file work_4.txt (compact mmCIF, C-alpha atoms and all ligand atoms)
# COMPACT_ATOMS: atom_id res chain seq x y z
CA MET A 28 0.00 0.00 0.00
CA ILE A 29 1.02 3.63 -0.24
CA ASN A 30 2.78 5.08 2.77
CA ASN A 31 3.42 8.54 1.41
CA ILE A 32 0.37 9.90 -0.36
CA ALA A 33 1.88 13.22 -1.37
CA LYS A 34 4.88 11.47 -2.93
CA PHE A 35 2.62 8.98 -4.69
CA ILE A 36 0.64 11.86 -6.24
CA ASP A 37 3.87 13.65 -7.21
CA ASP A 38 5.07 10.50 -8.94
CA CYS A 39 1.81 10.25 -10.84
CA GLU A 40 2.24 13.87 -11.84
CA GLN A 41 5.75 13.08 -13.10
CA ASN A 42 4.36 10.30 -15.29
CA LEU A 43 2.09 12.85 -16.90
CA SER A 44 4.76 15.38 -17.79
CA GLN A 45 4.61 14.70 -21.53
CA LYS A 46 0.82 14.93 -21.55
CA PHE A 47 0.91 18.13 -19.50
CA LYS A 48 3.30 19.59 -22.04
CA GLU A 49 0.84 18.87 -24.83
CA VAL A 50 -1.99 20.42 -22.82
CA ASN A 51 0.13 23.52 -22.19
CA GLU A 52 0.83 23.84 -25.90
CA ILE A 53 -2.88 23.71 -26.72
CA ALA A 54 -3.55 26.33 -24.04
CA LEU A 55 -0.87 28.62 -25.47
CA PHE A 56 -2.30 28.27 -28.97
CA ASN A 57 -5.82 29.02 -27.76
CA GLN A 58 -4.69 31.88 -25.54
CA LYS A 59 -3.10 33.53 -28.59
CA LYS A 60 -6.30 33.02 -30.55
CA VAL A 61 -8.41 34.62 -27.79
CA LEU A 62 -5.96 37.48 -27.24
CA GLU A 63 -5.93 38.25 -30.96
CA ALA A 64 -9.73 38.36 -31.00
CA PHE A 65 -9.69 40.93 -28.19
CA ARG A 66 -7.00 42.99 -29.89
CA LYS A 67 -8.59 42.91 -33.30
CA ASN A 68 -11.82 44.23 -31.87
CA ASN A 69 -10.13 46.93 -29.77
CA ILE A 70 -11.85 45.85 -26.59
CA SER A 71 -11.78 48.55 -23.93
CA GLN A 72 -13.55 49.64 -20.74
CA ARG A 73 -16.57 50.83 -22.65
CA HIS A 74 -17.40 47.24 -23.58
CA PHE A 75 -17.93 46.39 -19.91
CA ILE A 76 -20.62 48.99 -19.36
CA PRO A 77 -24.01 47.79 -18.04
CA THR A 78 -27.08 48.60 -20.09
CA THR A 79 -30.79 48.57 -19.34
CA GLY A 80 -34.10 48.23 -21.14
CA TYR A 81 -33.85 47.31 -24.79
CA GLY A 82 -30.09 47.68 -24.82
CA TYR A 83 -29.93 49.24 -28.29
CA ASP A 84 -26.29 49.66 -29.30
CA ASP A 85 -25.18 47.69 -26.24
CA GLU A 86 -21.41 47.68 -26.87
CA GLY A 87 -20.68 44.63 -24.74
CA ARG A 88 -23.24 42.51 -26.54
CA LEU A 89 -21.87 43.52 -29.94
CA ALA A 90 -18.27 42.98 -28.86
CA LEU A 91 -18.98 39.49 -27.53
CA SER A 92 -20.61 38.55 -30.81
CA LYS A 93 -17.57 39.74 -32.74
CA ILE A 94 -15.02 38.10 -30.44
CA PHE A 95 -16.74 34.72 -30.46
CA SER A 96 -17.07 34.88 -34.26
CA GLU A 97 -13.37 35.63 -34.46
CA ILE A 98 -12.32 32.80 -32.14
CA PHE A 99 -14.59 30.20 -33.72
CA HIS A 100 -14.03 31.48 -37.27
CA THR A 101 -17.77 31.83 -37.87
CA GLU A 102 -19.73 34.46 -39.77
CA ASN A 103 -21.77 35.47 -36.74
CA ALA A 104 -22.47 34.59 -33.11
CA ILE A 105 -25.04 35.18 -30.42
CA VAL A 106 -23.46 35.42 -26.97
CA SER A 107 -25.74 36.44 -24.17
CA PRO A 108 -26.25 36.26 -20.44
CA LEU A 109 -29.95 36.17 -21.29
CA ILE A 110 -29.58 32.60 -22.54
CA ALA A 111 -30.35 30.74 -19.32
CA SER A 112 -28.28 27.59 -19.90
CA GLY A 113 -26.66 25.30 -22.44
CA THR A 114 -29.95 23.49 -22.89
CA ALA A 115 -31.72 26.80 -23.53
CA ALA A 116 -29.15 27.67 -26.21
CA LEU A 117 -29.44 24.25 -27.87
CA SER A 118 -33.23 24.41 -27.74
CA ALA A 119 -33.32 27.91 -29.26
CA ALA A 120 -31.01 26.77 -32.06
CA LEU A 121 -33.15 23.75 -32.91
CA PHE A 122 -36.44 25.65 -32.74
CA GLY A 123 -34.95 28.55 -34.69
CA ILE A 124 -33.98 26.38 -37.64
CA LEU A 125 -36.36 23.45 -37.82
CA ARG A 126 -39.86 23.68 -39.34
CA PRO A 127 -42.82 21.25 -39.27
CA GLU A 128 -42.15 17.98 -41.15
CA ASP A 129 -38.37 18.60 -41.13
CA TYR A 130 -36.01 15.83 -40.07
CA LEU A 131 -33.60 16.19 -37.16
CA TYR A 132 -31.00 13.44 -37.03
CA SER A 133 -28.56 12.73 -34.21
CA ILE A 134 -25.60 10.66 -35.41
CA SER A 135 -23.89 10.53 -32.00
CA GLY A 136 -26.59 8.55 -30.22
CA LYS A 137 -28.81 9.96 -27.54
CA PRO A 138 -28.21 13.71 -27.13
CA TYR A 139 -27.49 15.14 -23.68
CA ASP A 140 -30.14 14.14 -21.11
CA THR A 141 -31.87 17.50 -20.89
CA LEU A 142 -32.56 17.48 -24.63
CA SER A 143 -34.76 14.39 -24.65
CA GLU A 144 -37.83 16.36 -23.51
CA VAL A 145 -36.94 19.17 -25.92
CA ILE A 146 -36.90 16.73 -28.83
CA SER A 147 -39.48 14.10 -27.98
CA GLY A 148 -41.56 15.34 -25.04
CA THR A 149 -45.32 14.90 -25.29
CA SER A 150 -47.55 17.99 -25.23
CA ASN A 151 -44.88 20.12 -23.55
CA GLY A 152 -44.00 22.31 -26.54
CA SER A 153 -41.31 19.90 -27.76
CA LEU A 154 -40.07 19.66 -31.33
CA LYS A 155 -42.27 16.60 -31.62
CA ASP A 156 -45.32 18.72 -30.74
CA PHE A 157 -44.32 20.92 -33.67
CA LYS A 158 -44.25 17.87 -35.96
CA ILE A 159 -40.51 17.69 -36.34
CA ASN A 160 -39.32 14.17 -37.12
CA TYR A 161 -36.42 12.75 -35.18
CA LEU A 162 -33.94 10.01 -36.07
CA GLU A 163 -31.00 8.73 -34.09
CA THR A 164 -28.02 6.48 -34.79
CA ASP A 165 -25.71 5.25 -32.06
CA ILE A 166 -21.96 5.68 -32.11
CA LYS A 167 -20.16 2.48 -33.00
CA ILE A 168 -17.68 1.09 -30.49
CA GLU A 169 -15.14 -1.46 -31.70
CA ASN A 170 -12.23 -2.53 -29.50
CA GLU A 171 -12.86 0.57 -27.41
CA ASN A 172 -12.45 2.79 -30.48
CA ILE A 173 -15.43 4.86 -31.44
CA ASP A 174 -16.65 6.08 -34.80
CA PHE A 175 -19.85 7.14 -36.48
CA ASP A 176 -21.96 4.44 -38.07
CA TYR A 177 -21.49 5.53 -41.68
CA LYS A 178 -23.60 2.73 -43.15
CA GLU A 179 -26.64 3.83 -41.16
CA ILE A 180 -25.92 7.50 -41.77
CA GLU A 181 -25.76 6.99 -45.52
CA LYS A 182 -28.99 5.00 -45.45
CA ASN A 183 -30.85 7.71 -43.54
CA LEU A 184 -29.45 10.57 -45.61
CA LYS A 185 -30.65 8.83 -48.76
CA LYS A 186 -34.04 7.90 -47.35
CA HIS A 187 -35.10 11.39 -46.15
CA PHE A 188 -33.94 14.90 -46.71
CA ILE A 189 -32.31 15.61 -43.35
CA LYS A 190 -32.62 19.28 -42.47
CA LEU A 191 -30.26 19.14 -39.51
CA VAL A 192 -27.68 16.66 -38.30
CA PHE A 193 -26.89 16.90 -34.60
CA ILE A 194 -23.55 15.81 -33.13
CA GLY A 195 -22.68 15.79 -29.43
CA ARG A 196 -18.98 16.21 -28.72
CA SER A 197 -18.96 15.25 -25.06
CA ARG A 198 -19.87 11.76 -23.89
CA GLY A 199 -21.90 12.67 -20.82
CA TYR A 200 -22.37 9.64 -18.57
CA GLU A 201 -21.54 7.12 -21.27
CA TRP A 202 -18.67 4.69 -20.88
CA ARG A 203 -16.87 5.46 -24.13
CA GLU A 204 -14.41 8.02 -25.48
CA ALA A 205 -15.65 11.49 -26.43
CA VAL A 206 -15.99 12.48 -30.10
CA SER A 207 -12.79 14.05 -31.43
CA LEU A 208 -12.69 16.82 -34.01
CA LYS A 209 -10.97 14.42 -36.39
CA LEU A 210 -14.09 12.23 -36.31
CA ILE A 211 -16.34 15.26 -36.73
CA GLU A 212 -14.32 16.50 -39.68
CA ASN A 213 -14.69 13.15 -41.44
CA ALA A 214 -18.41 13.01 -40.71
CA VAL A 215 -18.97 16.52 -42.08
CA LYS A 216 -17.22 15.63 -45.35
CA PHE A 217 -19.26 12.46 -45.65
CA ILE A 218 -22.61 14.10 -44.91
CA LYS A 219 -22.01 17.06 -47.20
CA SER A 220 -20.94 14.77 -50.05
CA ILE A 221 -24.29 13.00 -49.89
CA SER A 222 -26.53 15.87 -48.81
CA PRO A 223 -24.85 19.27 -49.27
CA GLU A 224 -27.90 21.21 -48.04
CA THR A 225 -28.02 19.45 -44.68
CA ILE A 226 -27.15 21.73 -41.78
CA ILE A 227 -24.68 20.29 -39.26
CA MET A 228 -24.88 21.44 -35.67
CA VAL A 229 -22.59 20.46 -32.80
CA ASP A 230 -23.35 20.50 -29.08
CA ASN A 231 -19.97 21.99 -28.15
CA CYS A 232 -20.45 21.85 -24.36
CA TYR A 233 -17.18 20.83 -22.64
CA GLY A 234 -15.37 20.94 -25.97
CA GLU A 235 -14.25 24.57 -26.21
CA PHE A 236 -10.47 25.08 -26.09
CA VAL A 237 -9.82 21.38 -25.51
CA GLU A 238 -8.21 21.11 -28.92
CA THR A 239 -6.62 23.81 -31.08
CA LYS A 240 -9.56 23.74 -33.48
CA GLU A 241 -13.29 23.99 -32.91
CA PRO A 242 -16.03 22.16 -34.84
CA SER A 243 -16.64 25.34 -36.83
CA ASP A 244 -13.10 24.91 -38.21
CA CYS A 245 -14.15 21.49 -39.51
CA GLY A 246 -17.06 22.53 -41.72
CA VAL A 247 -19.77 22.45 -39.03
CA ASP A 248 -22.46 25.08 -39.66
CA LEU A 249 -23.51 25.85 -36.09
CA ILE A 250 -21.96 25.30 -32.67
CA VAL A 251 -23.70 25.78 -29.36
CA GLY A 252 -22.47 25.94 -25.78
CA SER A 253 -22.83 27.25 -22.25
CA LEU A 254 -20.95 30.03 -20.46
CA ASN A 255 -21.28 27.99 -17.25
CA LYS A 256 -18.71 25.72 -18.81
CA ASN A 257 -15.45 26.16 -20.71
CA PRO A 258 -15.83 29.55 -22.47
CA GLY A 259 -17.05 31.22 -19.27
CA GLY A 260 -13.65 30.53 -17.70
CA GLY A 261 -15.33 30.15 -14.30
CA LEU A 262 -16.11 33.87 -14.19
CA ALA A 263 -19.10 34.37 -16.48
CA PRO A 264 -22.13 34.60 -14.19
CA THR A 265 -24.50 32.93 -16.66
CA GLY A 266 -25.27 32.65 -20.37
CA GLY A 267 -24.82 30.70 -23.54
CA TYR A 268 -23.70 31.10 -27.14
CA ILE A 269 -24.58 30.00 -30.64
CA ALA A 270 -22.03 30.61 -33.41
CA GLY A 271 -22.11 29.79 -37.10
CA LYS A 272 -23.42 30.75 -40.53
CA ASP A 273 -25.02 34.17 -40.63
CA ASN A 274 -28.35 33.02 -42.10
CA LEU A 275 -28.72 30.41 -39.35
CA ILE A 276 -27.72 32.81 -36.59
CA LYS A 277 -30.40 35.23 -37.78
CA LEU A 278 -33.04 32.50 -37.57
CA VAL A 279 -31.93 31.54 -34.07
CA ALA A 280 -31.82 35.19 -32.97
CA GLY A 281 -35.42 35.49 -34.09
CA ARG A 282 -36.29 32.67 -31.78
CA ILE A 283 -34.34 34.06 -28.79
CA THR A 284 -36.03 37.47 -28.88
CA ALA A 285 -38.59 37.74 -31.68
CA PRO A 286 -38.59 37.33 -35.46
CA SER A 287 -37.26 40.47 -37.18
CA ILE A 288 -35.96 41.87 -33.86
CA GLY A 289 -33.25 39.26 -33.38
CA MET A 290 -30.18 40.41 -31.47
CA GLU A 291 -30.78 44.11 -32.07
CA VAL A 292 -31.96 44.17 -28.46
CA GLY A 293 -30.78 42.69 -25.18
CA SER A 294 -29.40 44.56 -22.20
CA TYR A 295 -27.46 43.41 -19.18
CA ALA A 296 -27.54 45.58 -16.07
CA PHE A 297 -24.55 43.84 -14.44
CA GLY A 298 -22.20 44.65 -17.30
CA TYR A 299 -19.92 42.40 -19.29
CA THR A 300 -16.61 42.48 -17.38
CA GLN A 301 -16.85 38.95 -16.02
CA ILE A 302 -17.98 37.43 -19.30
CA LEU A 303 -15.11 39.05 -21.20
CA GLN A 304 -12.56 38.32 -18.50
CA GLY A 305 -13.81 34.74 -18.19
CA LEU A 306 -13.42 34.23 -21.92
CA PHE A 307 -9.89 35.58 -21.74
CA MET A 308 -9.08 33.16 -18.89
CA ALA A 309 -10.85 30.21 -20.48
CA PRO A 310 -7.94 28.56 -22.38
CA HIS A 311 -5.90 28.49 -19.18
CA VAL A 312 -8.77 27.34 -16.96
CA VAL A 313 -9.64 24.58 -19.43
CA SER A 314 -6.03 23.40 -19.48
CA GLY A 315 -5.98 23.25 -15.67
CA ALA A 316 -9.21 21.26 -15.65
CA ILE A 317 -7.80 18.81 -18.19
CA LYS A 318 -4.63 18.38 -16.16
CA SER A 319 -6.79 17.75 -13.10
CA ALA A 320 -8.74 15.11 -15.02
CA LEU A 321 -5.46 13.53 -16.15
CA LEU A 322 -4.18 13.39 -12.58
CA PHE A 323 -7.40 11.79 -11.31
CA GLY A 324 -7.02 9.24 -14.09
CA GLU A 325 -3.36 8.47 -13.45
CA VAL A 326 -3.80 8.15 -9.68
CA PHE A 327 -6.78 5.81 -9.93
CA GLU A 328 -5.27 3.75 -12.75
CA LYS A 329 -2.19 3.25 -10.55
CA LEU A 330 -4.47 2.12 -7.75
CA GLY A 331 -5.95 -0.47 -10.09
CA TYR A 332 -9.20 1.17 -11.13
CA GLU A 333 -10.47 1.40 -14.66
CA THR A 334 -10.84 5.00 -15.86
CA LEU A 335 -11.85 6.87 -19.00
CA PRO A 336 -10.50 8.26 -21.26
CA LYS A 337 -7.95 5.49 -21.71
CA LYS A 338 -4.31 6.22 -21.09
CA ASN A 339 -3.25 6.38 -24.72
CA CYS A 340 -6.24 8.50 -25.65
CA GLN A 341 -6.32 12.26 -25.69
CA ASP A 342 -8.89 14.02 -23.55
CA PHE A 343 -11.52 15.23 -25.97
CA ASP A 344 -13.84 16.58 -23.30
CA MET A 345 -13.47 17.55 -19.68
CA ILE A 346 -14.92 14.49 -18.04
CA ARG A 347 -12.92 11.82 -16.23
CA SER A 348 -14.80 8.69 -15.25
CA ILE A 349 -13.61 6.19 -12.65
CA LYS A 350 -15.18 2.77 -12.15
CA LEU A 351 -15.13 2.50 -8.38
CA ASN A 352 -17.04 -0.81 -8.12
CA ASP A 353 -18.25 0.04 -4.62
CA GLU A 354 -21.21 2.07 -3.43
CA LYS A 355 -19.69 3.31 -0.21
CA LEU A 356 -16.51 4.32 -1.97
CA LEU A 357 -18.52 6.27 -4.54
CA ILE A 358 -20.49 8.13 -1.89
CA ASP A 359 -17.37 8.85 0.20
CA PHE A 360 -15.60 10.09 -2.92
CA CYS A 361 -18.34 12.63 -3.63
CA LYS A 362 -18.55 13.67 0.02
CA THR A 363 -14.81 14.42 0.04
CA VAL A 364 -15.07 16.50 -3.13
CA GLN A 365 -17.83 18.52 -1.46
CA LYS A 366 -15.98 18.81 1.85
CA PHE A 367 -12.92 20.26 0.12
CA SER A 368 -14.79 22.75 -2.03
CA PRO A 369 -14.38 26.49 -1.47
CA ILE A 370 -18.17 26.94 -1.25
CA ASP A 371 -20.64 24.85 0.76
CA SER A 372 -17.89 22.73 2.30
CA ASN A 373 -20.19 22.17 5.27
CA LEU A 374 -22.79 20.40 3.13
CA SER A 375 -22.76 16.67 2.64
CA PRO A 376 -24.23 15.33 -0.60
CA GLU A 377 -26.61 12.37 -0.44
CA PRO A 378 -27.96 10.17 -3.20
CA TRP A 379 -31.42 11.40 -4.24
CA ASP A 380 -34.16 10.66 -6.75
CA MET A 381 -33.46 13.27 -9.35
CA PRO A 382 -36.29 13.73 -11.86
CA GLY A 383 -35.54 12.06 -15.18
CA TYR A 384 -33.11 9.46 -13.79
CA SER A 385 -33.95 5.83 -13.12
CA ASP A 386 -31.39 5.47 -10.32
CA LYS A 387 -30.55 7.71 -7.43
CA VAL A 388 -27.94 10.33 -8.25
CA ILE A 389 -25.27 11.87 -6.03
CA MET A 390 -23.74 15.22 -6.89
CA ALA A 391 -20.88 17.12 -5.29
CA ALA A 392 -20.37 20.71 -6.40
CA GLY A 393 -19.16 23.48 -4.13
CA THR A 394 -19.08 26.16 -6.79
CA PHE A 395 -19.06 29.96 -6.97
CA ILE A 396 -21.35 29.96 -10.00
CA GLN A 397 -24.33 27.74 -9.25
CA GLY A 398 -23.97 24.40 -11.03
CA ALA A 399 -20.88 25.50 -12.97
CA SER A 400 -19.20 22.33 -14.09
CA ILE A 401 -16.01 24.11 -15.15
CA GLU A 402 -15.48 24.20 -11.37
CA LEU A 403 -14.44 20.96 -9.68
CA SER A 404 -17.44 18.71 -9.32
CA ALA A 405 -18.22 15.00 -9.14
CA ASP A 406 -21.44 13.20 -9.82
CA ALA A 407 -22.75 9.72 -10.35
CA PRO A 408 -25.87 7.66 -10.80
CA VAL A 409 -25.77 5.31 -7.81
CA ARG A 410 -25.74 1.96 -9.61
CA GLU A 411 -23.26 -0.75 -10.48
CA PRO A 412 -20.40 -0.54 -11.35
CA TYR A 413 -20.47 2.73 -9.40
CA ILE A 414 -18.82 5.06 -11.88
CA VAL A 415 -18.00 8.56 -10.70
CA HIS A 416 -17.70 11.37 -13.25
CA ILE A 417 -15.37 14.21 -12.35
CA GLN A 418 -15.04 17.45 -14.22
CA GLY A 419 -13.58 20.89 -13.97
CA ALA A 420 -11.32 22.65 -11.47
CA LEU A 421 -10.70 26.37 -11.44
CA THR A 422 -7.16 25.60 -10.39
CA TYR A 423 -5.12 22.46 -10.86
CA GLU A 424 -3.83 22.83 -7.29
CA HIS A 425 -7.35 22.51 -5.93
CA ALA A 426 -7.82 19.20 -7.73
CA LYS A 427 -4.50 17.97 -6.36
CA ILE A 428 -5.57 18.79 -2.81
CA VAL A 429 -8.88 16.99 -3.28
CA ILE A 430 -7.12 13.91 -4.69
CA GLU A 431 -4.88 13.81 -1.66
CA GLU A 432 -7.88 13.96 0.68
CA ILE A 433 -9.69 11.22 -1.24
CA LEU A 434 -6.62 8.98 -0.97
CA LYS A 435 -6.27 9.68 2.77
CA ASN A 436 -9.83 8.40 3.14
CA LEU A 437 -9.31 5.47 0.89
CA ILE A 438 -6.20 4.09 2.52
C1 LIG B 501 -23.96 20.70 -19.71
C2 LIG B 501 -24.28 20.17 -21.04
C3 LIG B 501 -25.42 20.56 -21.73
C4 LIG B 501 -26.49 21.44 -21.18
O1 LIG B 501 -26.07 22.54 -20.53
P1 LIG B 501 -26.85 23.10 -19.26
O2 LIG B 501 -26.21 24.39 -19.06
O3 LIG B 501 -26.65 22.12 -18.15
O4 LIG B 501 -28.29 23.21 -19.65
C5 LIG B 501 -25.62 20.05 -23.00
N1 LIG B 501 -24.75 19.20 -23.53
C6 LIG B 501 -23.65 18.79 -22.89
C7 LIG B 501 -22.72 17.83 -23.55
C8 LIG B 501 -23.37 19.26 -21.62
O5 LIG B 501 -22.26 18.86 -21.00

call {"tool": "encode", "arguments": {"input": "work_4.txt", "output": "structure tokens", "more": "lines below"}}
Ligand SMILES: *Cc1c(COP(=O)(O)O)cnc(C)c1O
result
Amino acid sequence: MINNIAKFIDDCEQNLSQKFKEVNEIALFNQKKVLEAFRKNNISQRHFIPTTGYGYDDEGRLALSKIFSEIFHTENAIVSPLIASGTAALSAALFGILRPEDYLYSISGKPYDTLSEVISGTSNGSLKDFKINYLETDIKIENENIDFDYKEIEKNLKKHFIKLVFIGRSRGYEWREAVSLKLIENAVKFIKSISPETIIMVDNCYGEFVETKEPSDCGVDLIVGSLNKNPGGGLAPTGGYIAGKDNLIKLVAGRITAPSIGMEVGSYAFGYTQILQGLFMAPHVVSGAIKSALLFGEVFEKLGYETLPKKNCQDFDMIRSIKLNDEKLLIDFCKTVQKFSPIDSNLSPEPWDMPGYSDKVIMAAGTFIQGASIELSADAPVREPYIVHIQGALTYEHAKIVIEEILKNLI
């Protein structure tokens, strides 16, 4: 067994030095990209200024749109604290573009949990209520490698005109690797070769700044995400974004406010400092969170647990999963994460019946921004084989401290 926990963790850290170097290089690349976007748009104090009412000529709102477009290399972008969450942004994008009888097609399996009611809910204002057809094809897993199921995709693209293909980059609670940009790039080429008019949209949550490119650099028409995650850098108080082709952005803007008004309005009485500063910090914060995830992985692999992503696999999203194989261990793990959080350290998470889940769920998140999963958090459905999912960390050091405390408990 381990007699010196701190040394054990340091050794694990040493083993990761090459990976950390790669992560640092990605962060440097992305930091340059973000800095250039700020410089090009001459961002200054006046872009922080709060606005009220309609917010006509709101400088912060306009600047954010330009900066995001610059970073993601898109024609246009909506970036707003008025978008309540990632789900709200994804929902607005889908409703903005799809019309009755259109086909929506997910080629990465079941979209993120919160979207199932948006897509297929009954009499709740879902896309289904508006007569939008939905198709889904699972990701193929062979020898732990994942890829899209091109046979099925081709079949469906030839059978119906697909208005919008949906791809989720992150893997959520699934026990498989996340979707890399390489895979997305190949899929886009394939889809466009068969059906050039099909719009391709990516749920980019947890994917921003993880690689040097974004899906919009790979031919994707629309990307959507949350400011509670990567691009908020842990500072943005709330919000979401949608970036992509100008004609699509206009349709989505019409849905977010009203048709013909679009993003000509929208004020924010708290001002834009934290959103802009958070975006500036985001490449660095994301790199720290990925290093934290790598350290969790290395430590638990060394202790004999199975973790995801696999060792030889790059982290394509922010989530690290550990198969703990033990209920008590899982619950203790989450309790320790909570206990060593900067906020709500006095609370103790318990498994509970969360709506929409078949098993009890336990969640540890002592965060500054409520529910922000760019901050260190751990959660798990309480069922065999007791897999905990860890994500985020505002600082790598915080994650290291939490790992040490978990090991103290464990040993
Ligand atoms: C978090 C997340 C969402 C939804 O974002 P919320 O802000 O929780 O509504 C959608 N997709 C993925 C992959 C996510 O991780």

call {"tool": "closest_atom_pairs", "arguments": {"input": "work_4.txt", "of": "segment 326-407 of chain A", "to": "segment 103-116 of chain A", "cutoff": "12 Å", "atoms": "only C-alpha atoms", "output": "Markdown table"}}
result
| residue | atom | partner | partner_atom | distance |
| --- | --- | --- | --- | --- |
| A:Gln397 | CA | A:Ser112 | CA | 11.4 |
| A:Gly398 | CA | A:Ser112 | CA | 10.4 |
| A:Ala399 | CA | A:Ser112 | CA | 10.4 |
| A:Ser400 | CA | A:Gly113 | CA | 11.6 |

call {"tool": "write_last_selection", "arguments": {"input": "work_4.txt", "atoms": "C-alpha atoms", "output": "CSV table (one decimal), in the coordinates of the input"}}
result
chain,number,residue,atom,x,y,z
A,397,GLN,CA,-24.3,27.7,-9.2
A,398,GLY,CA,-24.0,24.4,-11.0
A,399,ALA,CA,-20.9,25.5,-13.0
A,400,SER,CA,-19.2,22.3,-14.1

call {"tool": "closest_residue", "arguments": {"input": "work_4.txt", "among": "A:Val364, A:Leu154, A:Leu117, A:Ala420", "to": "ligand LIG 501 (chain B)", "atoms": "all atoms listed in the file"}}
result
A:Leu117

call {"tool": "closest_residue", "arguments": {"input": "work_4.txt", "among": "A:Lys338, A:Asp165, A:His416, A:Asn160", "to": "His187 of chain A", "atoms": "only C-alpha atoms"}}
result
A:Asn160

call {"tool": "residues_around", "arguments": {"input": "work_4.txt", "residues": "Pro376 of chain A", "least_positions_apart": "3", "cutoff": "10 Å", "atoms": "all atoms listed in the file", "output": "MDAnalysis selection string"}}
result
chainID A and resid 358:359 361:366 373 379 388:392 406

call {"tool": "residues_around", "arguments": {"input": "work_4.txt", "residues": "Ile98 of chain A", "least_positions_apart": "3", "cutoff": "12 Å", "atoms": "all atoms listed in the file", "output": "PyMOL selection string"}}
result
chain A and resi 56-68+91-95+101-104+235-236+239-244+258+270-271+306-307+310

call {"tool": "residues_near_ligand", "arguments": {"input": "work_4.txt", "ligand": "ligand LIG 501 (chain B)", "cutoff": "7 Å", "atoms": "all atoms listed in the file", "output": "short mmCIF file (atom, residue, chain, number, x, y, z; two decimals) with C-alpha atoms, keeping the file's coordinate frame"}}
result
data_model
loop_
_atom_site.label_atom_id
_atom_site.label_comp_id
_atom_site.auth_asym_id
_atom_site.auth_seq_id
_atom_site.Cartn_x
_atom_site.Cartn_y
_atom_site.Cartn_z
CA SER A 112 -28.28 27.59 -19.90
CA GLY A 113 -26.66 25.30 -22.44
CA THR A 114 -29.95 23.49 -22.89
CA ALA A 115 -31.72 26.80 -23.53
CA TYR A 139 -27.49 15.14 -23.68
CA THR A 141 -31.87 17.50 -20.89
CA GLY A 195 -22.68 15.79 -29.43
CA ARG A 196 -18.98 16.21 -28.72
CA SER A 197 -18.96 15.25 -25.06
CA ARG A 198 -19.87 11.76 -23.89
CA GLY A 199 -21.90 12.67 -20.82
CA ASP A 230 -23.35 20.50 -29.08
CA ASN A 231 -19.97 21.99 -28.15
CA CYS A 232 -20.45 21.85 -24.36
CA TYR A 233 -17.18 20.83 -22.64
CA SER A 253 -22.83 27.25 -22.25
CA ASN A 255 -21.28 27.99 -17.25
#

call {"tool": "closest_residue", "arguments": {"input": "work_4.txt", "among": "A:Glu325, A:Glu224, A:Glu52, A:Asp371", "to": "Glu40 of chain A", "atoms": "only C-alpha atoms"}}
result
A:Glu325

call {"tool": "closest_residue", "arguments": {"input": "work_4.txt", "among": "A:Gly87, A:Pro127, A:Pro412, A:Gly315", "to": "Glu424 of chain A", "atoms": "all atoms listed in the file"}}
result
A:Gly315

call {"tool": "closest_residue", "arguments": {"input": "work_4.txt", "among": "A:Tyr161, A:Phe323, A:Tyr295, A:Tyr423", "to": "Thr79 of chain A", "atoms": "all atoms listed in the file"}}
result
A:Tyr295

call {"tool": "closest_residue", "arguments": {"input": "work_4.txt", "among": "A:Lys350, A:Lys387, A:Lys435, A:Lys48", "to": "Trp202 of chain A", "atoms": "all atoms listed in the file"}}
result
A:Lys350

call {"tool": "atom_distance", "arguments": {"input": "work_4.txt", "atom1": "atom CA of Gly136 of chain A", "atom2": "atom CA of Val247 of chain A"}}
result
17.8 Å

call {"tool": "residues_near_point", "arguments": {"input": "work_4.txt", "point": "(-33.5, 30.8, -37.7)", "cutoff": "10 Å", "atoms": "only C-alpha atoms", "output": "list in words"}}
result
Ala119, Ala120, Leu121, Phe122, Gly123, Ile124, Leu125, Arg126, Asp273, Asn274, Leu275, Ile276, Lys277, Leu278, Val279, Ala280, Gly281, Arg282, Ile283, Pro286 and Gly289 of chain A

call {"tool": "axis_aligned_box", "arguments": {"input": "work_4.txt", "around": "segment 139-148 of chain A", "padding_each_side": "5 Å", "output": "lines of an AutoDock Vina configuration file"}}
result
center_x = -34.5
center_y = 16.6
center_z = -24.9
size_x = 24.1
size_y = 15.1
size_z = 17.9

call {"tool": "residues_around", "arguments": {"input": "work_4.txt", "residues": "Leu321 of chain A", "least_positions_apart": "6", "cutoff": "9 Å", "atoms": "all atoms listed in the file", "output": "list in words"}}
result
Glu40, Leu43, Lys46, Phe47, Pro336, Lys338, Asp342 and Arg347 of chain A

call {"tool": "residues_near_point", "arguments": {"input": "work_4.txt", "point": "(-11.3, 16.3, -35.8)", "cutoff": "10 Å", "atoms": "all atoms listed in the file", "output": "PyMOL selection string"}}
result
chain A and resi 206-215+238+240-242+244-245+343

call {"tool": "residues_around", "arguments": {"input": "work_4.txt", "residues": "Ser294 of chain A", "least_positions_apart": "2", "cutoff": "8 Å", "atoms": "all atoms listed in the file", "output": "PDB file with C-alpha atoms, in the coordinates of the input"}}
result
ATOM      1  CA  PRO A  77     -24.010  47.790 -18.040  1.00  0.00           C
ATOM      2  CA  THR A  78     -27.080  48.600 -20.090  1.00  0.00           C
ATOM      3  CA  THR A  79     -30.790  48.570 -19.340  1.00  0.00           C
ATOM      4  CA  GLY A  80     -34.100  48.230 -21.140  1.00  0.00           C
ATOM      5  CA  TYR A  81     -33.850  47.310 -24.790  1.00  0.00           C
ATOM      6  CA  GLY A  82     -30.090  47.680 -24.820  1.00  0.00           C
ATOM      7  CA  TYR A  83     -29.930  49.240 -28.290  1.00  0.00           C
ATOM      8  CA  ASP A  85     -25.180  47.690 -26.240  1.00  0.00           C
ATOM      9  CA  ARG A  88     -23.240  42.510 -26.540  1.00  0.00           C
ATOM     10  CA  VAL A 292     -31.960  44.170 -28.460  1.00  0.00           C
ATOM     11  CA  ALA A 296     -27.540  45.580 -16.070  1.00  0.00           C
TER      12      ALA A 296
END
